[in-house]
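What follows is model-v2.txt (compact mmCIF, C-alpha atoms).
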# COMPACT_ATOMS: atom_id res chain seq x y z
CA MET A 1 25.25 30.37 9.93
CA GLN A 2 22.48 31.26 12.34
CA HIS A 3 20.02 30.89 9.50
CA THR A 4 21.05 27.33 8.60
CA ASN A 5 20.97 26.34 12.28
CA THR A 6 17.31 27.31 12.59
CA GLN A 7 16.65 25.43 9.39
CA ASP A 8 18.33 22.34 10.82
CA THR A 9 16.24 22.59 13.96
CA LEU A 10 13.04 22.92 11.97
CA VAL A 11 13.90 19.95 9.75
CA GLY A 12 14.74 17.96 12.87
CA LEU A 13 11.41 18.97 14.41
CA PHE A 14 9.58 18.00 11.22
CA VAL A 15 11.21 14.57 11.04
CA ALA A 16 10.61 14.00 14.76
CA ALA A 17 6.94 14.97 14.36
CA GLY A 18 6.57 12.66 11.36
CA ILE A 19 8.10 9.74 13.22
CA ALA A 20 5.96 10.54 16.25
CA GLY A 21 2.93 10.41 13.94
CA LEU A 22 3.97 7.01 12.63
CA PHE A 23 4.59 5.81 16.17
CA PHE A 24 1.18 7.08 17.24
CA LEU A 25 -0.46 5.28 14.34
CA SER A 26 1.24 1.98 15.09
CA MET A 27 0.89 1.98 18.87
CA GLN A 28 -2.36 3.82 19.51
CA VAL A 29 -4.38 3.12 16.38
CA SER A 30 -3.40 -0.37 15.27
CA ASN A 31 -3.34 -3.69 17.06
CA LEU A 32 0.45 -3.78 17.30
CA SER A 33 0.52 -3.12 21.03
CA SER A 34 -2.30 -5.47 21.96
CA PHE A 35 -1.08 -8.71 20.47
CA THR A 36 2.26 -10.04 19.32
CA GLU A 37 2.27 -13.33 17.54
CA HIS A 38 5.61 -14.86 18.38
CA ASP A 39 4.99 -15.68 22.06
CA SER A 40 1.95 -17.86 21.62
CA TYR A 41 1.01 -21.52 21.29
CA THR A 42 -1.47 -23.13 18.94
CA ILE A 43 -4.34 -25.47 19.70
CA THR A 44 -7.02 -26.74 17.35
CA ALA A 45 -10.75 -27.16 17.75
CA ARG A 46 -13.17 -29.03 15.47
CA PHE A 47 -16.57 -27.51 14.86
CA GLU A 48 -19.57 -28.90 13.01
CA ASN A 49 -19.99 -25.44 11.54
CA SER A 50 -17.70 -22.48 12.07
CA GLY A 51 -20.18 -19.97 10.60
CA GLY A 52 -18.74 -16.58 9.77
CA LEU A 53 -15.56 -17.04 11.79
CA LYS A 54 -12.52 -15.54 10.07
CA VAL A 55 -8.78 -15.66 10.42
CA LYS A 56 -7.76 -13.05 13.05
CA SER A 57 -11.10 -13.31 14.82
CA PRO A 58 -10.55 -12.95 18.57
CA VAL A 59 -10.39 -15.85 21.03
CA SER A 60 -11.60 -14.96 24.48
CA ALA A 61 -12.04 -16.59 27.85
CA ALA A 62 -14.41 -15.05 30.40
CA GLY A 63 -14.75 -12.08 28.04
CA VAL A 64 -11.03 -11.29 27.95
CA LYS A 65 -9.16 -11.59 24.66
CA ILE A 66 -6.41 -14.22 25.03
CA GLY A 67 -5.57 -15.00 21.42
CA GLN A 68 -6.77 -15.12 17.85
CA VAL A 69 -7.83 -17.52 15.11
CA THR A 70 -4.90 -18.28 12.81
CA GLY A 71 -6.42 -20.78 10.41
CA ILE A 72 -9.70 -22.35 9.34
CA ARG A 73 -9.82 -25.40 7.05
CA PHE A 74 -12.30 -28.02 6.05
CA ASP A 75 -11.54 -31.63 6.95
CA PRO A 76 -12.79 -33.78 4.03
CA LYS A 77 -12.82 -36.98 6.15
CA THR A 78 -14.98 -35.87 9.04
CA TYR A 79 -16.73 -32.99 7.19
CA GLN A 80 -15.84 -30.71 10.07
CA SER A 81 -14.26 -27.29 10.22
CA VAL A 82 -10.82 -27.36 11.85
CA VAL A 83 -9.99 -24.05 13.51
CA SER A 84 -6.46 -23.25 14.72
CA LEU A 85 -6.34 -20.97 17.74
CA SER A 86 -3.20 -19.11 18.68
CA ILE A 87 -3.25 -18.43 22.42
CA ASP A 88 -0.97 -16.02 24.25
CA VAL A 89 1.71 -18.00 26.06
CA GLN A 90 0.94 -16.40 29.42
CA TYR A 91 -2.40 -18.26 29.45
CA ASN A 92 -0.86 -21.73 29.29
CA ASN A 93 -3.01 -23.20 32.03
CA LEU A 94 -6.20 -23.97 30.08
CA PRO A 95 -7.56 -27.37 31.25
CA GLU A 96 -7.76 -30.21 28.73
CA ASP A 97 -11.54 -30.38 28.92
CA THR A 98 -12.01 -26.73 27.92
CA THR A 99 -15.12 -26.07 25.84
CA ALA A 100 -14.93 -23.91 22.72
CA SER A 101 -18.02 -22.14 21.38
CA ILE A 102 -18.52 -19.65 18.59
CA PHE A 103 -20.51 -16.59 19.59
CA THR A 104 -21.39 -13.31 17.95
CA ALA A 105 -20.45 -10.03 19.59
CA GLY A 106 -23.69 -8.07 19.55
CA LEU A 107 -26.44 -8.69 17.04
CA LEU A 108 -24.46 -7.66 13.96
CA GLY A 109 -20.97 -7.87 15.40
CA GLU A 110 -18.17 -10.18 14.37
CA GLN A 111 -17.96 -13.78 15.50
CA TYR A 112 -15.42 -14.94 18.05
CA VAL A 113 -14.35 -18.13 19.81
CA SER A 114 -15.17 -18.29 23.48
CA LEU A 115 -13.29 -20.77 25.67
CA GLU A 116 -14.83 -22.05 28.88
CA PRO A 117 -12.30 -23.84 31.10
CA GLY A 118 -13.25 -27.25 32.46
CA GLY A 119 -12.05 -28.92 35.65
CA SER A 120 -9.21 -31.14 34.47
CA ASP A 121 -5.78 -30.94 36.12
CA ASP A 122 -4.00 -31.51 32.79
CA PHE A 123 -3.42 -28.46 30.69
CA LEU A 124 -3.65 -27.99 26.92
CA LYS A 125 -0.24 -27.92 25.26
CA ASN A 126 1.00 -26.63 21.93
CA GLY A 127 -0.71 -28.68 19.19
CA GLY A 128 -3.41 -29.82 21.61
CA ASN A 129 -6.99 -30.40 20.59
CA ILE A 130 -10.21 -29.15 22.16
CA GLU A 131 -12.70 -32.04 22.24
CA ILE A 132 -15.93 -30.36 23.28
CA THR A 133 -17.15 -27.66 20.90
CA GLN A 134 -20.34 -25.81 20.16
CA SER A 135 -20.98 -24.62 16.62
CA ALA A 136 -21.84 -21.13 15.52
CA ILE A 137 -25.48 -20.18 15.62
CA ILE A 138 -26.54 -19.49 12.07
CA LEU A 139 -29.01 -16.62 12.21
CA GLU A 140 -30.86 -17.70 9.04
CA LYS A 141 -31.39 -21.18 10.46
CA ALA A 142 -32.68 -19.82 13.74
CA ILE A 143 -35.07 -17.42 11.99
CA GLY A 144 -36.20 -20.20 9.65
CA GLN A 145 -36.96 -22.49 12.56
CA PHE A 146 -38.80 -19.72 14.36
CA LEU A 147 -40.94 -18.89 11.33
CA PHE A 148 -41.67 -22.56 10.70
CA LYS A 149 -42.67 -23.03 14.32
CA SER A 150 -44.97 -20.00 14.41
CA ALA A 151 -46.58 -21.06 11.11
CA GLU A 152 -47.18 -24.50 12.57
CA GLU A 153 -48.77 -23.00 15.66
CA LYS A 154 -51.01 -20.83 13.53
CA ALA A 155 -52.16 -23.82 11.49
CA GLU A 156 -52.92 -25.73 14.67
CA GLY A 157 -54.87 -22.77 16.03
CA LYS A 158 -57.01 -22.71 12.88
CA LYS A 159 -57.80 -26.42 13.18
CA LYS A 160 -59.13 -25.92 16.67
CA MET B 1 -7.67 15.24 -44.76
CA MET B 2 -7.29 11.65 -43.65
CA ILE B 3 -3.55 11.77 -44.18
CA GLU B 4 -3.33 14.95 -42.14
CA PHE B 5 -5.21 13.37 -39.27
CA LEU B 6 -2.95 10.32 -39.34
CA GLN B 7 0.05 12.60 -39.47
CA THR B 8 -0.91 14.53 -36.34
CA LEU B 9 -1.81 11.29 -34.57
CA GLY B 10 1.56 9.79 -35.40
CA LYS B 11 3.35 12.96 -34.42
CA ASN B 12 1.59 13.14 -31.06
CA THR B 13 2.19 9.47 -30.33
CA ARG B 14 5.86 9.83 -31.16
CA ALA B 15 6.13 12.99 -29.06
CA SER B 16 4.54 11.36 -26.02
CA PHE B 17 6.75 8.30 -26.37
CA THR B 18 9.91 10.35 -26.62
CA LYS B 19 8.79 12.32 -23.58
CA LEU B 20 8.21 9.10 -21.68
CA GLY B 21 11.67 7.96 -22.75
CA ARG B 22 13.24 11.23 -21.59
CA ALA B 23 11.35 10.96 -18.29
CA THR B 24 12.58 7.40 -17.72
CA PHE B 25 16.15 8.32 -18.56
CA PHE B 26 15.86 11.35 -16.25
CA LEU B 27 14.56 9.10 -13.46
CA ILE B 28 17.45 6.66 -13.85
CA GLN B 29 19.96 9.52 -13.68
CA THR B 30 18.21 11.03 -10.67
CA VAL B 31 18.04 7.79 -8.73
CA SER B 32 21.67 6.94 -9.45
CA GLY B 33 22.55 10.51 -8.44
CA THR B 34 21.03 10.08 -4.97
CA ALA B 35 24.10 8.12 -3.90
CA SER B 36 26.20 11.28 -4.21
CA VAL B 37 23.74 13.21 -2.00
CA LEU B 38 24.46 11.08 1.05
CA PRO B 39 27.98 12.40 1.69
CA ARG B 40 26.55 15.94 1.57
CA PRO B 41 23.55 15.89 3.91
CA ARG B 42 23.35 19.69 3.94
CA LEU B 43 21.91 19.68 0.41
CA LEU B 44 19.25 17.21 1.49
CA LEU B 45 18.51 19.10 4.69
CA LYS B 46 17.88 22.34 2.82
CA GLN B 47 15.41 20.62 0.51
CA MET B 48 13.74 18.78 3.39
CA TYR B 49 13.11 22.23 4.80
CA SER B 50 11.48 23.68 1.69
CA VAL B 51 9.62 20.49 0.73
CA GLY B 52 8.72 19.06 4.13
CA VAL B 53 8.77 21.71 6.82
CA LEU B 54 6.97 24.30 4.72
CA SER B 55 4.25 21.76 3.87
CA PHE B 56 3.83 20.89 7.56
CA LEU B 57 1.19 23.49 8.34
CA ILE B 58 -1.11 22.89 5.37
CA ILE B 59 -0.93 19.12 5.94
CA THR B 60 -1.73 19.22 9.65
CA ILE B 61 -4.53 21.75 9.31
CA SER B 62 -6.12 19.88 6.39
CA GLY B 63 -5.73 16.62 8.28
CA LEU B 64 -7.46 18.04 11.33
CA PHE B 65 -10.41 19.29 9.30
CA VAL B 66 -10.72 16.13 7.20
CA GLY B 67 -10.75 14.08 10.40
CA MET B 68 -13.35 16.35 11.98
CA VAL B 69 -15.61 16.13 8.91
CA LEU B 70 -15.21 12.35 8.85
CA GLY B 71 -16.19 12.29 12.51
CA LEU B 72 -19.32 14.34 11.87
CA GLN B 73 -20.46 12.53 8.73
CA GLY B 74 -19.57 9.13 10.11
CA TYR B 75 -21.52 9.84 13.27
CA TYR B 76 -24.66 10.90 11.40
CA THR B 77 -24.64 7.75 9.29
CA LEU B 78 -23.55 5.30 11.97
CA SER B 79 -26.00 6.56 14.59
CA ASP B 80 -28.83 5.54 12.25
CA PHE B 81 -27.77 1.95 12.88
CA GLY B 82 -26.93 2.50 16.53
CA ALA B 83 -23.30 1.76 15.70
CA GLU B 84 -21.68 5.08 16.64
CA GLU B 85 -19.14 3.17 18.76
CA THR B 86 -17.47 2.06 15.54
CA LEU B 87 -16.82 5.68 14.57
CA GLY B 88 -13.15 5.28 15.50
CA VAL B 89 -12.74 2.37 13.10
CA MET B 90 -14.38 4.26 10.29
CA VAL B 91 -12.31 7.40 10.78
CA ALA B 92 -9.03 5.55 11.27
CA ALA B 93 -9.52 3.06 8.44
CA SER B 94 -10.48 5.68 5.88
CA LEU B 95 -7.64 7.96 6.95
CA VAL B 96 -4.87 5.40 7.24
CA ARG B 97 -5.79 3.46 4.10
CA GLU B 98 -6.96 6.11 1.68
CA LEU B 99 -7.37 9.73 2.69
CA GLY B 100 -4.08 10.10 4.53
CA PRO B 101 -1.81 9.05 1.67
CA VAL B 102 -4.02 10.41 -1.14
CA VAL B 103 -5.05 13.82 0.18
CA SER B 104 -1.63 14.59 1.59
CA ALA B 105 -0.07 13.59 -1.75
CA LEU B 106 -2.50 15.87 -3.61
CA LEU B 107 -1.69 18.72 -1.24
CA PHE B 108 1.99 17.90 -1.56
CA ALA B 109 1.76 18.07 -5.36
CA GLY B 110 0.01 21.43 -5.14
CA ARG B 111 2.20 22.91 -2.45
CA ALA B 112 5.67 21.44 -3.02
CA GLY B 113 5.50 19.88 -6.49
CA SER B 114 4.50 23.09 -8.24
CA ALA B 115 7.20 25.00 -6.38
CA LEU B 116 9.82 22.46 -7.46
CA THR B 117 8.77 22.68 -11.10
CA ALA B 118 8.78 26.47 -11.06
CA GLU B 119 12.17 26.55 -9.36
CA ILE B 120 13.85 24.11 -11.75
CA GLY B 121 12.11 25.64 -14.76
CA LEU B 122 13.31 29.10 -13.82
CA MET B 123 16.83 27.80 -13.23
CA LYS B 124 16.70 26.42 -16.74
CA ALA B 125 15.25 29.63 -18.18
CA THR B 126 17.99 31.72 -16.59
CA GLU B 127 20.57 29.19 -17.79
CA GLN B 128 21.78 28.33 -14.32
CA LEU B 129 21.66 24.64 -15.17
CA SER B 130 23.80 25.06 -18.29
CA GLY B 131 26.11 27.30 -16.26
CA MET B 132 26.64 24.50 -13.78
CA GLU B 133 27.41 22.10 -16.59
CA MET B 134 29.99 24.56 -17.87
CA MET B 135 31.65 24.46 -14.46
CA ALA B 136 31.63 20.64 -14.62
CA VAL B 137 29.03 20.38 -11.87
CA ASP B 138 26.39 17.81 -12.70
CA PRO B 139 23.05 19.63 -12.20
CA ILE B 140 21.25 16.31 -11.76
CA LYS B 141 23.44 15.32 -8.83
CA ARG B 142 23.61 18.79 -7.35
CA ILE B 143 20.06 20.11 -7.92
CA ILE B 144 17.67 17.31 -8.85
CA SER B 145 18.66 14.33 -6.72
CA PRO B 146 18.55 16.12 -3.32
CA ARG B 147 15.07 17.42 -4.13
CA PHE B 148 13.93 13.99 -5.25
CA LEU B 149 15.22 12.35 -2.10
CA ALA B 150 13.66 15.05 0.07
CA GLY B 151 10.27 14.53 -1.59
CA LEU B 152 10.51 10.77 -1.23
CA LEU B 153 11.38 11.00 2.47
CA SER B 154 8.95 13.77 3.36
CA MET B 155 5.86 12.21 1.83
CA PRO B 156 5.41 9.24 4.26
CA LEU B 157 6.10 11.54 7.22
CA LEU B 158 3.52 14.06 6.01
CA ALA B 159 0.96 11.32 5.32
CA ALA B 160 1.49 9.83 8.78
CA LEU B 161 1.05 13.27 10.33
CA PHE B 162 -2.09 13.83 8.28
CA SER B 163 -3.63 10.54 9.46
CA ALA B 164 -2.58 11.00 13.08
CA VAL B 165 -3.94 14.54 13.29
CA GLY B 166 -7.10 13.46 11.45
CA ILE B 167 -7.77 10.64 13.91
CA ILE B 168 -7.36 13.07 16.79
CA GLY B 169 -9.68 15.50 15.01
CA GLY B 170 -12.27 12.75 14.59
CA GLN B 171 -11.97 11.96 18.27
CA LEU B 172 -12.40 15.63 19.22
CA VAL B 173 -15.63 15.85 17.25
CA GLY B 174 -16.84 12.33 17.97
CA SER B 175 -16.35 12.10 21.69
CA GLY B 176 -15.97 15.77 22.51
CA LEU B 177 -18.95 17.13 20.64
CA LEU B 178 -21.26 14.24 19.79
CA GLY B 179 -20.86 12.01 22.81
CA VAL B 180 -19.28 8.85 21.46
CA ASP B 181 -17.59 6.99 24.29
CA GLU B 182 -13.88 7.81 24.17
CA GLY B 183 -12.79 4.35 25.29
CA ALA B 184 -14.94 2.71 22.61
CA TYR B 185 -13.51 5.06 19.98
CA TRP B 186 -9.95 3.92 20.68
CA SER B 187 -10.53 0.28 21.59
CA GLN B 188 -12.70 -0.47 18.54
CA MET B 189 -10.02 1.18 16.44
CA GLN B 190 -7.25 -0.90 17.96
CA ALA B 191 -9.26 -4.09 17.52
CA ASN B 192 -9.94 -3.49 13.84
CA ILE B 193 -6.93 -1.66 12.41
CA ASP B 194 -4.16 -4.06 11.56
CA PHE B 195 -0.54 -2.90 11.72
CA GLN B 196 0.61 -4.93 8.74
CA ASP B 197 -2.43 -4.57 6.51
CA ASP B 198 -3.38 -0.98 7.20
CA ILE B 199 -0.50 1.06 8.60
CA ILE B 200 2.34 -0.48 6.58
CA ASN B 201 0.29 -0.45 3.38
CA GLY B 202 -0.60 3.20 3.99
CA VAL B 203 3.07 4.07 4.38
CA LEU B 204 3.92 2.11 1.23
CA LYS B 205 1.24 4.00 -0.67
CA SER B 206 2.59 7.36 0.43
CA LEU B 207 6.13 6.29 -0.54
CA VAL B 208 4.89 5.46 -4.03
CA PHE B 209 3.03 8.77 -4.24
CA GLY B 210 6.09 10.67 -3.01
CA PHE B 211 8.22 8.95 -5.64
CA VAL B 212 5.81 9.69 -8.49
CA THR B 213 5.00 13.27 -7.48
CA SER B 214 8.66 14.24 -7.05
CA TRP B 215 9.55 12.57 -10.32
CA ILE B 216 6.81 14.38 -12.25
CA ALA B 217 7.52 17.74 -10.63
CA LEU B 218 11.27 17.60 -11.23
CA PHE B 219 10.99 16.22 -14.74
CA GLU B 220 8.43 18.80 -15.82
CA GLY B 221 10.71 21.54 -14.53
CA TYR B 222 13.79 20.04 -16.15
CA ASP B 223 11.98 19.42 -19.43
CA SER B 224 10.12 22.75 -19.56
CA VAL B 225 10.39 25.23 -22.41
CA PRO B 226 12.75 27.86 -20.94
CA THR B 227 10.38 30.82 -21.22
CA SER B 228 7.99 32.32 -18.70
CA GLU B 229 5.06 30.78 -20.56
CA GLY B 230 6.81 27.42 -20.74
CA VAL B 231 7.48 27.41 -17.01
CA SER B 232 3.89 28.30 -16.19
CA ARG B 233 2.65 25.48 -18.45
CA ALA B 234 5.07 23.04 -16.86
CA THR B 235 3.80 23.99 -13.41
CA THR B 236 0.22 23.37 -14.49
CA ARG B 237 1.17 20.02 -16.02
CA THR B 238 2.88 19.03 -12.78
CA VAL B 239 -0.24 19.55 -10.70
CA VAL B 240 -2.59 17.95 -13.25
CA ASN B 241 -0.39 14.95 -14.02
CA SER B 242 0.44 14.38 -10.36
CA ALA B 243 -3.23 14.39 -9.43
CA PHE B 244 -4.04 11.92 -12.20
CA SER B 245 -1.19 9.59 -11.34
CA ILE B 246 -1.93 9.72 -7.60
CA LEU B 247 -5.59 8.86 -8.05
CA GLY B 248 -4.95 6.23 -10.73
CA LEU B 249 -2.13 4.60 -8.79
CA ASP B 250 -4.24 4.68 -5.65
CA PHE B 251 -6.88 2.56 -7.35
CA ILE B 252 -4.28 0.04 -8.53
CA LEU B 253 -2.52 -0.07 -5.16
CA THR B 254 -5.80 -0.49 -3.28
CA ALA B 255 -6.81 -3.33 -5.56
CA LEU B 256 -3.44 -5.02 -4.99
CA MET B 257 -3.18 -4.42 -1.24
CA PHE B 258 -6.67 -4.84 0.09
CA GLY B 259 -7.99 -7.24 -2.56
CA ASP B 260 -7.98 -10.55 -0.71
CA ASP B 261 -9.50 -10.46 2.73
So, in terms of C-alpha cells, how does the structure I just supplied come out?
Amino acid sequence: MQHTNTQDTLVGLFVAAGIAGLFFLSMQVSNLSSFTEHDSYTITARFENSGGLKVKSPVSAAGVKIGQVTGIRFDPKTYQSVVSLSIDVQYNNLPEDTTASIFTAGLLGEQYVSLEPGGSDDFLKNGGNIEITQSAIILEKAIGQFLFKSAEEKAEGKKK
Amino acid sequence: MMIEFLQTLGKNTRASFTKLGRATFFLIQTVSGTASVLPRPRLLLKQMYSVGVLSFLIITISGLFVGMVLGLQGYYTLSDFGAEETLGVMVAASLVRELGPVVSALLFAGRAGSALTAEIGLMKATEQLSGMEMMAVDPIKRIISPRFLAGLLSMPLLAALFSAVGIIGGQLVGSGLLGVDEGAYWSQMQANIDFQDDIINGVLKSLVFGFVTSWIALFEGYDSVPTSEGVSRATTRTVVNSAFSILGLDFILTALMFGDD
C-alpha cells in the first residue's frame, strides 16, 4: 500500500506541475493578464490612410496601452479607412475632441494608434467617433519625397 | 515478371488497408472503452505514473536545453539587427507554437510509446491478453484504454512543462548570460504572444500528438507478431511511425491554425 501511495503523490505532483506550466504560459507568457476584452467600449476613427495598422495593434495614450484595434475596413463612399478601437472601460473619460494618430514604434516596429486628449468637457461614449485624425506615415513616400527633393537641389546646384 | 510485380503491389496495398482497418477498429474499441476506466481511477493513475511521471525528467531537461540553445542562437542573429529585446518573443513563440508540442511528442514517442508497445507486445507474446479473455476480462478495457487515456492526458501537460521550462531557460541565457534586459524579455513576450492563437493552439496540437502517439504505440503492440523479433519490430515501427505522423500532422495543423493572420 505504501508503494501505491508514493505513486499517487508523484502522479499528483506531475499533474500539478503540468497545470502550473500551463498557468505560467497563460499568465506570464501570453497577453491574457494584460487585456481582457469584455470590459471595454468601442469608438471609431477615420483615417485617410491606416498604413500597416493591423487588428490587435495597440492603442495608447501618453505612451500607456489603453486598448487595441478590433477592426479595420475600407469605406467605399468616403474612400477612407475606418478603424474600430476597443478601449478599456476604466479610461472612459477621453474628451470628444481627442486626436488619433498612427505612429510606428521604433524604426522597424509595429504601428499603433496614439490618442491625444483634447480639452472638451464631453467624453467619448461607446460607438463614438474621433473627428481629428492623422494618417500613418508611409516610409516609402517619405523616402521618395526626400530623394526627389535632394535630386532637385542637386540639379539646381548644377545650374548655378 | 509484370504479373509478379502487380501481385506484390496488390498484396501490399491490401495488407496496408487491412492494417488501417484493424487500427481504426482498435481505436473505436479503445475510445469506447475509456468510459469504463473512469469508475476505476486507480488503473489510470498507475499508467499516468509510468507514462507521465517517468517522462517528466527527460522532458524538463530537454526543454531547458532547447530553450537555452534558442536563447543563444536567437541572440546571435537578433543582435545583428539590434533587436535583441525581441529575444523573448522569438523563444516563446517558437517553443509554444512548434518546439514544445513537437519535440515533447517525439521524446514521448521514444520514451513512453516504445515502452507501451513493448509491454503490450510482450503481454501478447506470453498470452496474458488471451488469458484475460478466457477469464471474461476485456483486455481492451482493462489494459489498453487506461494507457490510451493516460497518454492523451499526459501529453499536453508534458508539452506545457517543456515550453515553460524552455522559456525560463531562454531567459537564463538571454538576460543572465548575454545581457538582454529582463523586463524587455518578458514584456515583449506578453505583448506578442496571444493566449487564444498561440497557447490554446499549442495545447490543441499536443492533444492531437498525444492521441496519435498513444494510438500508434498501443496498436503496434496489440497487433505485433507474438515473438521476440515481432515485438522488437513493433517497437521500431512505433517510434518511426509516430515520428512521421507527428511531423506530418504538425505541418497540417500549423497550416490550419496559423494560416490566416
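When the distance limit is 7 Å and only C-alpha atoms are what count, the residues near Gly210 in chain B, minus those fewer than 4 positions from it on the same chain, are B:Ala105, B:Gly151, B:Leu152, B:Met155, B:Ser206, B:Ser214.
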Go ahead and save the residues from that selection, with C-alpha atoms, as a PDB file, in the frame of the given file.
ATOM      1  CA  ALA B 105      -0.070  13.590  -1.750  1.00  0.00           C
ATOM      2  CA  GLY B 151      10.270  14.530  -1.590  1.00  0.00           C
ATOM      3  CA  LEU B 152      10.510  10.770  -1.230  1.00  0.00           C
ATOM      4  CA  MET B 155       5.860  12.210   1.830  1.00  0.00           C
ATOM      5  CA  SER B 206       2.590   7.360   0.430  1.00  0.00           C
ATOM      6  CA  SER B 214       8.660  14.240  -7.050  1.00  0.00           C
TER       7      SER B 214
END
Q.
Using all atoms listed in the file and a distance of at most 7 Å, pull out the residues of chain B that contact chain A, as a list in words.
A. Leu45, Met48, Tyr49, Val53, Leu157, Leu158, Ala160, Leu161, Ala164, Met189, Gln190, Ala191, Ile193, Asp194, Phe195 and Ile199 of chain B
Q: Taking the point (-18.5, 12.1, 14.3) as given in the file, collect each protein or nucleic acid residue that comes within 12 Å of it, counting all atoms listed in the file, and present the set as a count of residues only.
A: 43
Enclose the full set of atoms of range 42-56 of chain A listed in the file within a box whose edges lie along x, y and z, apply 5 Å of padding to each of the six sides, and report centre and edge lengths in Å to one decimal as lines of an AutoDock Vina configuration file.
center_x = -10.8
center_y = -21.0
center_z = 14.7
size_x = 28.7
size_y = 26.0
size_z = 19.9
10 Å contact set for Arg40 in chain B, only C-alpha atoms, chain neighbours under 4 positions out, as a PDB file with C-alpha atoms, in the coordinates of the input:
ATOM      1  CA  ALA B  35      24.100   8.120  -3.900  1.00  0.00           C
ATOM      2  CA  SER B  36      26.200  11.280  -4.210  1.00  0.00           C
ATOM      3  CA  LEU B  44      19.250  17.210   1.490  1.00  0.00           C
ATOM      4  CA  LEU B  45      18.510  19.100   4.690  1.00  0.00           C
ATOM      5  CA  ARG B 142      23.610  18.790  -7.350  1.00  0.00           C
ATOM      6  CA  PRO B 146      18.550  16.120  -3.320  1.00  0.00           C
TER       7      PRO B 146
END
Q: For Glu98 in chain B, please output as a VMD selection string all residues within 9 Å (counting only C-alpha atoms; exclusion window: fewer than 3 positions along the same chain).
A: chain B and resid 93 to 95 101 to 103 202 205 250 254
**Q.** Å distance separating CA of Ile72 in chain A from CA of Leu53 in chain A, one decimal place
**A.**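 Between CA of Ile72 in chain A and CA of Leu53 in chain A the gap is 8.3 Å.
Between CA of Asn201 in chain B and CA of Ile66 in chain A the separation is 26.5 Å.
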Near range 20-28 of chain B, 10 Å: range 113-210 of chain B residue rows, closest pairs, all atoms listed in the file, as a tab-separated table:
residue	atom	partner	partner_atom	distance
B:Ile140	CA	B:Phe26	CA	8.6
B:Ile144	CA	B:Phe26	CA	9.7
B:Ser145	CA	B:Leu27	CA	9.5
B:Phe148	CA	B:Leu27	CA	9.6
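One finds CA of Leu107 in chain B at 27.5 Å from CA of Asn5 in chain A.
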Q: Can you pull out every residue within 12 Å of Ser84 in chain A, counting only C-alpha atoms, but drop anything in the same chain fewer than 5 positions away, and send it as number ranges by chain?
A: A: 41-47, 50, 53-59, 67-74, 100, 113, 126-130
Write out as a PDB file with C-alpha atoms, keeping the file's coordinate frame which residues come within 8 Å of Leu204 in chain B when counting only C-alpha atoms, dropping same-chain ones fewer than 4 positions away.
ATOM      1  CA  PRO B 156       5.410   9.240   4.260  1.00  0.00           C
ATOM      2  CA  ILE B 200       2.340  -0.480   6.580  1.00  0.00           C
ATOM      3  CA  VAL B 208       4.890   5.460  -4.030  1.00  0.00           C
TER       4      VAL B 208
END
(Q) My list of candidates is A:Ala62, A:Ile87, A:Leu94, A:Leu147. Which is closest to Asp121 in chain A when distances are computed with all atoms listed in the file? (A) A:Leu94
Only N, CA and C atoms, as a compact mmCIF listing (two decimals), in the first residue's frame: that is what I want for range 123-135 of chain A.
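The resulting decode-v3.txt:
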# COMPACT_ATOMS: atom_id res chain seq x y z
N PHE A 123 -17.33 63.65 -23.01
CA PHE A 123 -16.47 62.48 -23.20
C PHE A 123 -16.98 61.60 -24.33
N LEU A 124 -16.05 60.84 -24.92
CA LEU A 124 -16.41 59.88 -25.97
C LEU A 124 -17.17 58.72 -25.33
N LYS A 125 -18.27 58.32 -26.00
CA LYS A 125 -19.04 57.18 -25.48
C LYS A 125 -18.89 56.00 -26.42
N ASN A 126 -19.46 54.88 -26.00
CA ASN A 126 -19.45 53.68 -26.84
C ASN A 126 -20.08 54.01 -28.20
N GLY A 127 -19.40 53.66 -29.29
CA GLY A 127 -19.90 53.96 -30.63
C GLY A 127 -19.54 55.36 -31.09
N GLY A 128 -18.81 56.11 -30.27
CA GLY A 128 -18.43 57.47 -30.63
C GLY A 128 -17.43 57.50 -31.77
N ASN A 129 -17.19 58.69 -32.28
CA ASN A 129 -16.33 58.83 -33.45
C ASN A 129 -15.27 59.89 -33.17
N ILE A 130 -14.03 59.58 -33.50
CA ILE A 130 -12.96 60.57 -33.36
C ILE A 130 -12.87 61.36 -34.66
N GLU A 131 -13.00 62.69 -34.55
CA GLU A 131 -13.08 63.53 -35.75
C GLU A 131 -11.70 63.86 -36.31
N ILE A 132 -10.78 64.19 -35.42
CA ILE A 132 -9.48 64.68 -35.90
C ILE A 132 -8.49 63.51 -35.91
N THR A 133 -7.98 63.20 -37.09
CA THR A 133 -7.04 62.08 -37.19
C THR A 133 -5.83 62.48 -38.01
N GLN A 134 -4.76 61.74 -37.79
CA GLN A 134 -3.55 61.95 -38.59
C GLN A 134 -3.12 60.60 -39.13
N SER A 135 -2.93 60.54 -40.45
CA SER A 135 -2.67 59.25 -41.09
C SER A 135 -1.30 58.71 -40.75
